[in-house]
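A.B. asks: So I've got this file, start07.cif, and it contains mmCIF, C-alpha atoms and all ligand atoms:
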data_coords
loop_
_atom_site.label_atom_id
_atom_site.label_comp_id
_atom_site.auth_asym_id
_atom_site.auth_seq_id
_atom_site.Cartn_x
_atom_site.Cartn_y
_atom_site.Cartn_z
CA MET A 6 -15.45 0.60 4.95
CA LEU A 7 -11.66 0.29 4.72
CA THR A 8 -9.62 2.64 2.53
CA PHE A 9 -6.63 1.55 0.46
CA ARG A 10 -4.45 3.94 -1.56
CA SER A 11 -3.74 2.82 -5.11
CA PRO A 12 -0.55 4.46 -6.47
CA ALA A 13 0.46 5.38 -10.03
CA LYS A 14 3.83 4.43 -11.54
CA VAL A 15 6.39 5.80 -13.95
CA ASN A 16 8.87 3.88 -16.08
CA LEU A 17 12.29 5.40 -15.38
CA PHE A 18 13.55 3.55 -18.41
CA LEU A 19 11.68 1.30 -20.80
CA ARG A 20 13.35 -0.88 -23.38
CA ILE A 21 11.26 -2.92 -25.84
CA LEU A 22 13.23 -5.96 -26.94
CA ARG A 23 11.03 -7.78 -29.45
CA ARG A 24 7.50 -8.71 -30.48
CA ARG A 25 6.50 -12.18 -29.28
CA ASP A 26 4.45 -14.82 -31.07
CA ASP A 27 1.54 -14.21 -28.66
CA GLY A 28 1.36 -10.55 -29.79
CA TYR A 29 2.84 -9.13 -26.59
CA HIS A 30 6.23 -7.42 -26.50
CA GLU A 31 9.20 -8.52 -24.47
CA LEU A 32 10.36 -5.54 -22.42
CA ALA A 33 12.84 -4.55 -19.72
CA SER A 34 11.90 -1.58 -17.59
CA LEU A 35 12.62 0.09 -14.28
CA PHE A 36 9.22 0.75 -12.67
CA GLN A 37 8.75 3.16 -9.78
CA ALA A 38 5.57 3.87 -7.79
CA ILE A 39 4.72 7.54 -7.26
CA SER A 40 2.59 9.47 -4.79
CA LEU A 41 -0.39 10.05 -7.08
CA PHE A 42 -3.15 7.91 -5.60
CA ASP A 43 -6.61 6.63 -6.38
CA HIS A 44 -8.56 5.60 -3.27
CA LEU A 45 -10.35 2.28 -2.98
CA TYR A 46 -13.12 2.09 -0.35
CA ILE A 47 -14.11 -1.50 0.30
CA LYS A 48 -16.25 -3.63 2.58
CA LEU A 49 -17.46 -7.21 2.34
CA SER A 50 -21.10 -7.54 1.38
CA ASP A 51 -23.37 -10.14 -0.24
CA THR A 52 -23.40 -8.74 -3.78
CA LEU A 53 -20.56 -7.25 -5.81
CA LYS A 54 -21.18 -3.52 -6.17
CA LEU A 55 -18.68 -1.20 -7.85
CA SER A 56 -19.03 2.56 -8.15
CA THR A 57 -16.49 5.19 -9.22
CA SER A 58 -16.06 8.94 -8.98
CA ILE A 59 -15.91 9.22 -12.81
CA PRO A 60 -19.29 9.27 -14.55
CA GLY A 61 -19.27 6.92 -17.52
CA LEU A 62 -16.34 4.78 -16.37
CA PRO A 63 -17.50 1.17 -16.93
CA THR A 64 -18.27 -0.62 -13.68
CA ASP A 65 -19.20 -3.92 -15.34
CA ASP A 66 -17.10 -7.06 -15.81
CA THR A 67 -14.62 -5.18 -18.03
CA ASN A 68 -13.41 -3.02 -15.15
CA LEU A 69 -10.06 -4.33 -13.85
CA VAL A 70 -11.38 -4.09 -10.27
CA SER A 71 -14.26 -6.44 -11.12
CA LYS A 72 -11.80 -8.75 -12.87
CA ALA A 73 -9.61 -8.78 -9.74
CA VAL A 74 -12.60 -9.68 -7.54
CA ARG A 75 -13.59 -12.52 -9.87
CA LEU A 76 -10.03 -13.78 -10.05
CA PHE A 77 -9.66 -13.71 -6.25
CA ARG A 78 -12.87 -15.71 -5.87
CA HIS A 79 -11.75 -18.21 -8.49
CA LYS A 80 -8.24 -18.70 -7.06
CA THR A 81 -9.20 -18.91 -3.36
CA GLY A 82 -12.59 -20.59 -3.74
CA LEU A 83 -13.97 -17.99 -1.29
CA GLU A 84 -17.43 -16.53 -1.98
CA VAL A 85 -16.43 -12.88 -1.61
CA TYR A 86 -18.74 -10.17 -2.92
CA PRO A 87 -17.36 -6.78 -1.88
CA GLN A 88 -18.87 -3.35 -2.16
CA ILE A 89 -16.23 -1.05 -3.63
CA HIS A 90 -16.08 2.66 -4.38
CA LEU A 91 -13.17 3.83 -6.47
CA GLU A 92 -12.16 7.48 -6.25
CA LYS A 93 -10.09 8.20 -9.34
CA ASN A 94 -7.29 10.78 -9.34
CA ILE A 95 -4.82 9.00 -11.64
CA PRO A 96 -5.50 10.11 -15.22
CA MET A 97 -6.49 7.36 -17.66
CA GLU A 98 -4.74 6.55 -20.96
CA ALA A 99 -1.71 8.18 -19.39
CA GLY A 100 0.89 5.38 -19.06
CA LEU A 101 0.65 5.70 -15.27
CA GLY A 102 -0.79 2.22 -14.64
CA GLY A 103 -3.95 3.40 -12.84
CA GLY A 104 -6.21 0.48 -13.83
CA SER A 105 -3.52 -2.11 -13.08
CA SER A 106 -2.85 -0.47 -9.73
CA ASN A 107 -6.58 -0.59 -8.89
CA ALA A 108 -6.61 -4.32 -9.69
CA ALA A 109 -3.53 -4.99 -7.53
CA THR A 110 -4.99 -2.93 -4.67
CA THR A 111 -8.25 -4.91 -4.92
CA LEU A 112 -6.35 -8.22 -4.66
CA TRP A 113 -4.38 -6.94 -1.66
CA ALA A 114 -7.52 -5.56 0.05
CA LEU A 115 -9.52 -8.77 -0.45
CA ASN A 116 -6.62 -10.79 0.93
CA GLU A 117 -6.59 -8.53 4.02
CA LEU A 118 -10.36 -8.74 4.47
CA THR A 119 -10.44 -12.53 4.23
CA GLY A 120 -7.59 -13.35 6.63
CA HIS A 121 -4.69 -13.69 4.16
CA PRO A 122 -5.50 -16.88 2.24
CA ALA A 123 -2.76 -15.98 -0.30
CA THR A 124 0.90 -14.98 -0.09
CA THR A 125 2.06 -11.79 -1.83
CA SER A 126 3.86 -13.85 -4.48
CA GLU A 127 0.64 -15.73 -5.21
CA LEU A 128 -1.21 -12.41 -5.56
CA CYS A 129 1.55 -11.28 -7.94
CA ALA A 130 1.22 -14.38 -10.11
CA TRP A 131 -2.58 -14.10 -10.15
CA GLY A 132 -2.45 -10.37 -10.95
CA ALA A 133 -0.37 -11.01 -14.08
CA GLU A 134 -3.38 -12.86 -15.52
CA ILE A 135 -5.35 -9.58 -15.53
CA GLY A 136 -2.72 -7.25 -16.97
CA SER A 137 1.01 -6.99 -17.59
CA ASP A 138 1.57 -4.22 -14.99
CA VAL A 139 -0.53 -5.65 -12.15
CA ALA A 140 2.30 -7.74 -10.65
CA PHE A 141 4.48 -4.61 -10.32
CA PHE A 142 1.89 -2.94 -8.09
CA LEU A 143 2.18 -5.85 -5.66
CA SER A 144 5.94 -5.22 -5.31
CA GLN A 145 7.19 -2.71 -2.74
CA GLY A 146 7.32 0.11 -5.28
CA THR A 147 10.64 -0.22 -7.12
CA ALA A 148 11.24 -3.13 -9.49
CA TYR A 149 13.07 -4.08 -12.67
CA CYS A 150 10.41 -5.79 -14.78
CA THR A 151 10.94 -8.12 -17.73
CA GLY A 152 8.89 -10.58 -19.79
CA ARG A 153 5.74 -8.70 -20.81
CA GLY A 154 6.25 -6.72 -17.59
CA GLU A 155 5.12 -9.39 -15.15
CA ILE A 156 8.52 -10.87 -14.18
CA LEU A 157 9.76 -8.84 -11.24
CA GLN A 158 13.14 -8.23 -9.72
CA SER A 159 12.35 -6.23 -6.59
CA LEU A 160 14.82 -3.47 -5.80
CA ASP A 161 15.59 -1.39 -2.72
CA PRO A 162 13.96 2.06 -2.74
CA LEU A 163 15.76 4.62 -4.90
CA PRO A 164 16.94 7.93 -3.38
CA SER A 165 13.93 10.16 -2.79
CA GLN A 166 13.03 12.24 -5.80
CA SER A 167 10.37 14.82 -6.51
CA LEU A 168 8.99 15.13 -10.01
CA TRP A 169 6.13 16.64 -11.98
CA ILE A 170 3.61 14.59 -13.91
CA ILE A 171 2.17 16.39 -16.94
CA LYS A 172 -0.90 14.87 -18.58
CA PRO A 173 -2.24 16.49 -21.77
CA LYS A 174 -5.98 16.26 -22.39
CA VAL A 175 -5.55 13.62 -25.09
CA GLY A 176 -4.89 10.00 -24.16
CA LEU A 177 -3.61 6.92 -25.98
CA SER A 178 -4.49 3.28 -25.52
CA THR A 179 -1.57 0.99 -24.72
CA LYS A 180 -2.63 -1.37 -27.48
CA GLU A 181 -2.51 1.37 -30.12
CA VAL A 182 0.98 2.53 -29.13
CA TYR A 183 2.37 -1.02 -29.21
CA SER A 184 0.75 -1.61 -32.59
CA ARG A 185 2.70 1.34 -34.02
CA LEU A 186 6.11 0.08 -32.91
CA HIS A 187 8.76 -0.49 -35.56
CA ALA A 188 11.95 -2.36 -34.82
CA SER A 189 13.92 0.49 -36.42
CA SER A 190 12.74 2.98 -33.76
CA LEU A 191 13.95 0.89 -30.81
CA THR A 192 17.09 1.96 -28.97
CA GLN A 193 19.92 -0.54 -28.89
CA ARG A 194 20.68 -0.01 -25.21
CA ASN A 195 21.50 -3.03 -23.05
CA PRO A 196 18.81 -2.88 -20.33
CA GLN A 197 20.81 -4.84 -17.75
CA ARG A 198 23.63 -2.35 -18.18
CA ALA A 199 21.12 0.53 -18.00
CA LEU A 200 19.95 -0.84 -14.65
CA GLU A 201 23.51 -1.16 -13.28
CA VAL A 202 24.35 2.38 -14.32
CA PHE A 203 21.07 3.63 -12.87
CA LEU A 204 21.68 1.96 -9.52
CA ALA A 205 25.24 3.32 -9.50
CA GLY A 206 23.71 6.81 -9.41
CA LYS A 207 24.10 7.78 -13.09
CA PRO A 208 20.54 7.46 -14.35
CA ASP A 209 19.83 7.41 -18.07
CA TYR A 210 16.11 7.99 -18.72
CA PHE A 211 14.76 6.58 -22.00
CA ASN A 212 11.55 5.10 -23.35
CA ASP A 213 11.38 3.02 -26.54
CA LEU A 214 7.63 3.72 -26.82
CA GLU A 215 8.06 7.49 -27.30
CA VAL A 216 8.62 7.28 -31.06
CA ALA A 217 5.45 5.21 -31.59
CA ALA A 218 3.34 7.48 -29.34
CA PHE A 219 4.69 10.61 -31.05
CA ALA A 220 3.79 9.11 -34.44
CA ALA A 221 0.21 8.55 -33.19
CA LEU A 222 -0.04 12.03 -31.65
CA PRO A 223 2.54 14.53 -32.95
CA LEU A 224 1.50 17.11 -30.34
CA LEU A 225 3.27 14.92 -27.75
CA SER A 226 6.59 15.66 -29.38
CA ASN A 227 5.84 19.42 -29.21
CA LEU A 228 4.86 19.06 -25.57
CA LYS A 229 8.11 17.28 -24.76
CA ASN A 230 10.17 19.97 -26.55
CA HIS A 231 8.28 22.65 -24.70
CA LEU A 232 9.05 21.02 -21.34
CA VAL A 233 12.71 20.50 -22.24
CA GLN A 234 12.97 24.20 -23.19
CA GLN A 235 11.66 25.13 -19.75
CA GLY A 236 14.90 23.77 -18.33
CA PHE A 237 13.99 20.47 -16.68
CA SER A 238 16.96 18.11 -16.40
CA ASN A 239 14.90 15.11 -17.56
CA VAL A 240 11.63 14.95 -19.45
CA LEU A 241 10.32 11.51 -20.41
CA MET A 242 7.03 9.95 -21.43
CA SER A 243 5.81 7.32 -18.95
CA GLY A 244 4.90 3.88 -20.30
CA SER A 245 2.78 4.14 -23.45
CA GLY A 246 1.87 7.79 -22.67
CA THR A 247 0.43 10.27 -22.88
CA SER A 248 1.80 11.62 -19.59
CA PHE A 249 5.35 12.85 -19.09
CA PHE A 250 7.44 13.11 -15.96
CA CYS A 251 9.83 16.00 -15.49
CA MET A 252 12.67 16.20 -12.98
CA GLY A 253 14.87 19.02 -11.87
CA ASP A 254 14.99 21.87 -9.43
CA HIS A 255 12.35 23.97 -11.12
CA ALA A 256 9.16 25.95 -10.55
CA THR A 257 5.79 24.49 -11.61
CA PRO A 258 5.87 23.75 -15.34
CA SER A 259 3.91 26.22 -17.40
CA ILE A 260 1.73 24.27 -19.82
CA ASP A 261 -1.73 25.13 -21.09
CA ALA A 262 -4.44 22.51 -21.37
CA ALA A 263 -2.66 19.86 -19.31
CA SER A 264 -3.05 18.52 -15.78
CA ILE A 265 0.02 18.93 -13.59
CA PHE A 266 0.73 16.84 -10.48
CA PRO A 267 3.71 17.34 -8.13
CA VAL A 268 4.69 13.86 -6.83
CA ASN A 269 7.47 11.87 -5.17
CA PHE A 270 8.75 8.34 -5.44
CA VAL A 271 6.89 6.14 -2.96
CA ASN A 272 7.53 2.65 -1.55
CA ARG A 273 5.60 0.48 0.84
CA SER A 274 7.15 -1.51 3.68
CA ASP A 275 6.99 -5.27 3.89
CA ASN A 276 3.52 -6.57 4.86
CA SER A 277 1.81 -3.17 4.78
CA TRP A 278 0.06 -1.38 1.94
CA TYR A 279 0.75 2.15 0.61
O1 LIG B 301 -1.35 -6.58 -20.45
P1 LIG B 301 -2.23 -5.42 -20.77
O2 LIG B 301 -3.67 -5.81 -20.88
O3 LIG B 301 -2.01 -4.24 -19.89
O4 LIG B 301 -1.79 -4.95 -22.23
C1 LIG B 301 -2.59 -4.14 -23.05
C2 LIG B 301 -2.10 -4.26 -24.48
O5 LIG B 301 -0.80 -3.67 -24.62
C3 LIG B 301 -1.93 -5.70 -24.95
O6 LIG B 301 -3.11 -6.20 -25.51
C4 LIG B 301 -0.84 -5.58 -26.00
O7 LIG B 301 -1.40 -5.11 -27.22
C5 LIG B 301 0.02 -4.44 -25.47
N1 LIG B 301 1.21 -4.92 -24.73
C6 LIG B 301 2.26 -5.48 -25.43
N2 LIG B 301 3.37 -5.92 -24.75
C7 LIG B 301 3.45 -5.79 -23.40
C8 LIG B 301 2.38 -5.22 -22.68
C9 LIG B 301 1.27 -4.79 -23.39
O8 LIG B 301 2.23 -5.61 -26.66
N3 LIG B 301 4.55 -6.19 -22.78
#
Would you put the structure from the file into structure tokens?
C.D. replies:
Amino acid sequence: MLTFRSPAKVNLFLRILRRRDDGYHELASLFQAISLFDHLYIKLSDTLKLSTSIPGLPTDDTNLVSKAVRLFRHKTGLEVYPQIHLEKNIPMEAGLGGGSSNAATTLWALNELTGHPATTSELCAWGAEIGSDVAFFLSQGTAYCTGRGEILQSLDPLPSQSLWIIKPKVGLSTKEVYSRLHASSLTQRNPQRALEVFLAGKPDYFNDLEVAAFAALPLLSNLKNHLVQQGFSNVLMSGSGTSFFCMGDHATPSIDAASIFPVNFVNRSDNSWY
């Protein structure tokens, strides 16, 4: 069995630009991998077998790991049937990209186990067929993403940063949050400018999906206010929620009924995994 770490991500800023004719939304976002990891244990076998550490988590064809295996087989023409155990630590319905990361990690692992039939950019292009965030997880951990999230501009690692991830018990599906978006709640910020300013060391953290998620679950707005009152310099929802990341020189946040994870930004080096 080989072990591969599968990181979570946060969106340091997330601008939604417009709804497209195919139902997806055009976005522009600075994605960053963080040191909250699922673990994927994998070996080649003669039948596909997927198990997870979470009872009740579907392990059938709907699981993004199974989809990644099928896709890899289809694209390479190789008859690969791995045995995989997925140890989940990244909360689900949290906006942290756990499922997409698991799919990307599966593609990377299968490519390793079969002697590298694909380049990383091929894996990236294939991954985008499974989910909008999968391509990001095949970058080196910091990327400005556009399109529906699958068009990547890879960036050098940002200065190291520690942060807290706060995940309330409730979750939200990405689809539901996007379906509640109204053009009037979108910021008018220029994302290219936001990126320049960010890279110049004057970060501006914002997320156009907060308003829609707060409308779906008003307790998220209370949670954010509560965290802001505790004195963090930045408190922002990640992706479509429901998790928040908090930055600032501060003791452990004090929040009831939420999971709290201390993490750092993380990047991988060229040609090696996390
Ligand atoms: O691509 P993925 O399967 O992760 O997206 C889940 C859902 O989130 C989509 O079905 C769509 O409703 C919404 N979405 C969107 N625009 C994006 C990404 C996701 O509307 N850029």
A.B. asks: Considering all atoms listed in the file, can you say which of A:Ser178, A:Gln166, A:Ser190, A:Thr57 comes closest to ligand LIG 301 (chain B)?
C.D. replies: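 Counting all atoms listed in the file, the residue closest to ligand LIG 301 (chain B) is A:Ser178.
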A.B. asks: So that I can see what lies close to Ser189 in chain A, please list as an NGL selection string the residues with an atom at most 12 Å from it, counting all atoms listed in the file and leaving out residues fewer than 3 positions away in the same chain.
C.D. replies: :A and (21-23 or 185-186 or 192-193 or 213-214 or 216-217)
A.B. asks: Give, as lines of an AutoDock Vina configuration file, the centre coordinates and the x, y and z edge lengths in Å to one decimal for an axis-aligned box around all listed atoms of ligand LIG 301 (chain B), padded by 3 Å on each side.
C.D. replies:
center_x = 0.4
center_y = -5.1
center_z = -23.6
size_x = 14.2
size_y = 8.9
size_z = 13.3
A.B. asks: Nearest to ligand LIG 301 (chain B) among A:Ile135, A:Leu118, A:Leu45, A:Leu128, with distances taken over only C-alpha atoms and all ligand atoms: which residue is it?
C.D. replies: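 Once distances to ligand LIG 301 (chain B) are computed over only C-alpha atoms and all ligand atoms, the minimum belongs to A:Ile135.
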A.B. asks: Write out as a ChimeraX atom specification each polymer residue whose atoms come within 12 Å of Arg198 in chain A, counting all atoms listed in the file; drop sequence neighbours fewer than 6 positions from it.
C.D. replies: /A:18,20,33-35,204-205,207-209
A.B. asks: Could you jot down the CA of Asn16 in chain A to CA of Ser71 in chain A separation for me, Å, one decimal place?
C.D. replies: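 Separating CA of Asn16 in chain A from CA of Ser71 in chain A is a distance of 25.8 Å.
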A.B. asks: Hey, what's within 8 Å of Leu49 in chain A if we count only C-alpha atoms and toss same-chain stuff fewer than 2 positions away? As an MDAnalysis selection string, please?
C.D. replies: chainID A and resid 47 51 85:88 118
A.B. asks: Report the distance between CA of His79 in chain A and CA of Leu7 in chain A in Å, rounded to one decimal place.
C.D. replies: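 Between these atoms lies a distance of 22.7 Å.
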A.B. asks: When the cut-off is 12 Å and you count all atoms listed in the file, which residues lie near ligand LIG 301 (chain B), shown as a ChimeraX atom specification?
C.D. replies: /A:19-34,67-69,72,98,100-106,108,132-141,150-156,177-186,214,244-246
A.B. asks: Find the residues near Trp131 in chain A: any atom within 8 Å, counting only C-alpha atoms, skip ones fewer than 4 places away on the same chain, and give them as a short mmCIF file (atom, residue, chain, number, x, y, z; two decimals) with C-alpha atoms, keeping the file's coordinate frame.
C.D. replies:
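File written: selection.cif
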data_model
loop_
_atom_site.label_atom_id
_atom_site.label_comp_id
_atom_site.auth_asym_id
_atom_site.auth_seq_id
_atom_site.Cartn_x
_atom_site.Cartn_y
_atom_site.Cartn_z
CA LEU A 76 -10.03 -13.78 -10.05
CA LYS A 80 -8.24 -18.70 -7.06
CA GLU A 127 0.64 -15.73 -5.21
CA ILE A 135 -5.35 -9.58 -15.53
#
A.B. asks: To one decimal place, how far is CA of Val70 in chain A from CA of Ala99 in chain A in Å?
C.D. replies: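 Those two atoms sit 18.1 Å apart.
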A.B. asks: For each of A:Ala13, A:Met242, A:Ala114, A:Ile170, take the minimum atom-to-atom distance to Ser264 in chain A, counting all atoms listed in the file, then give the residue where this is smallest.
C.D. replies: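 Smallest separation from Ser264 in chain A among the options: A:Ile170.
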A.B. asks: Find the residues around Ser238 in chain A up to 12 Å (only C-alpha atoms counted), leave out those fewer than 5 positions away in its own chain, and share them as a list in words.
C.D. replies: Leu168, Trp169, Pro208, Asp209, Tyr210, Leu232, Val233, Phe250, Cys251, Met252, Gly253, Asp254 and His255 of chain A
A.B. asks: Next, write the just-selected residues to a file, as a short mmCIF file (atom, residue, chain, number, x, y, z; two decimals), in the frame of the given file, keeping C-alpha atoms as the atom set.
C.D. replies:
data_model
loop_
_atom_site.label_atom_id
_atom_site.label_comp_id
_atom_site.auth_asym_id
_atom_site.auth_seq_id
_atom_site.Cartn_x
_atom_site.Cartn_y
_atom_site.Cartn_z
CA LEU A 168 8.99 15.13 -10.01
CA TRP A 169 6.13 16.64 -11.98
CA PRO A 208 20.54 7.46 -14.35
CA ASP A 209 19.83 7.41 -18.07
CA TYR A 210 16.11 7.99 -18.72
CA LEU A 232 9.05 21.02 -21.34
CA VAL A 233 12.71 20.50 -22.24
CA PHE A 250 7.44 13.11 -15.96
CA CYS A 251 9.83 16.00 -15.49
CA MET A 252 12.67 16.20 -12.98
CA GLY A 253 14.87 19.02 -11.87
CA ASP A 254 14.99 21.87 -9.43
CA HIS A 255 12.35 23.97 -11.12
#
A.B. asks: With distances taken over all atoms listed in the file, which residue among A:Ala256, A:Ala38, A:Leu160, A:Val74 lies nearest Tyr279 in chain A?
C.D. replies: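 Nearest candidate to Tyr279 in chain A out of A:Ala256, A:Ala38, A:Leu160, A:Val74: A:Ala38.
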A.B. asks: With distances taken over all atoms listed in the file, which of A:Ala123, A:Pro12, A:Thr81, A:Ser56 is nearest to Ile95 in chain A?
C.D. replies: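 Nearest to Ile95 in chain A: A:Pro12.
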A.B. asks: Between A:Ala188, A:Val175, A:Leu228, A:Leu200, which is the closest to Phe249 in chain A once you count all atoms listed in the file?
C.D. replies: A:Leu228
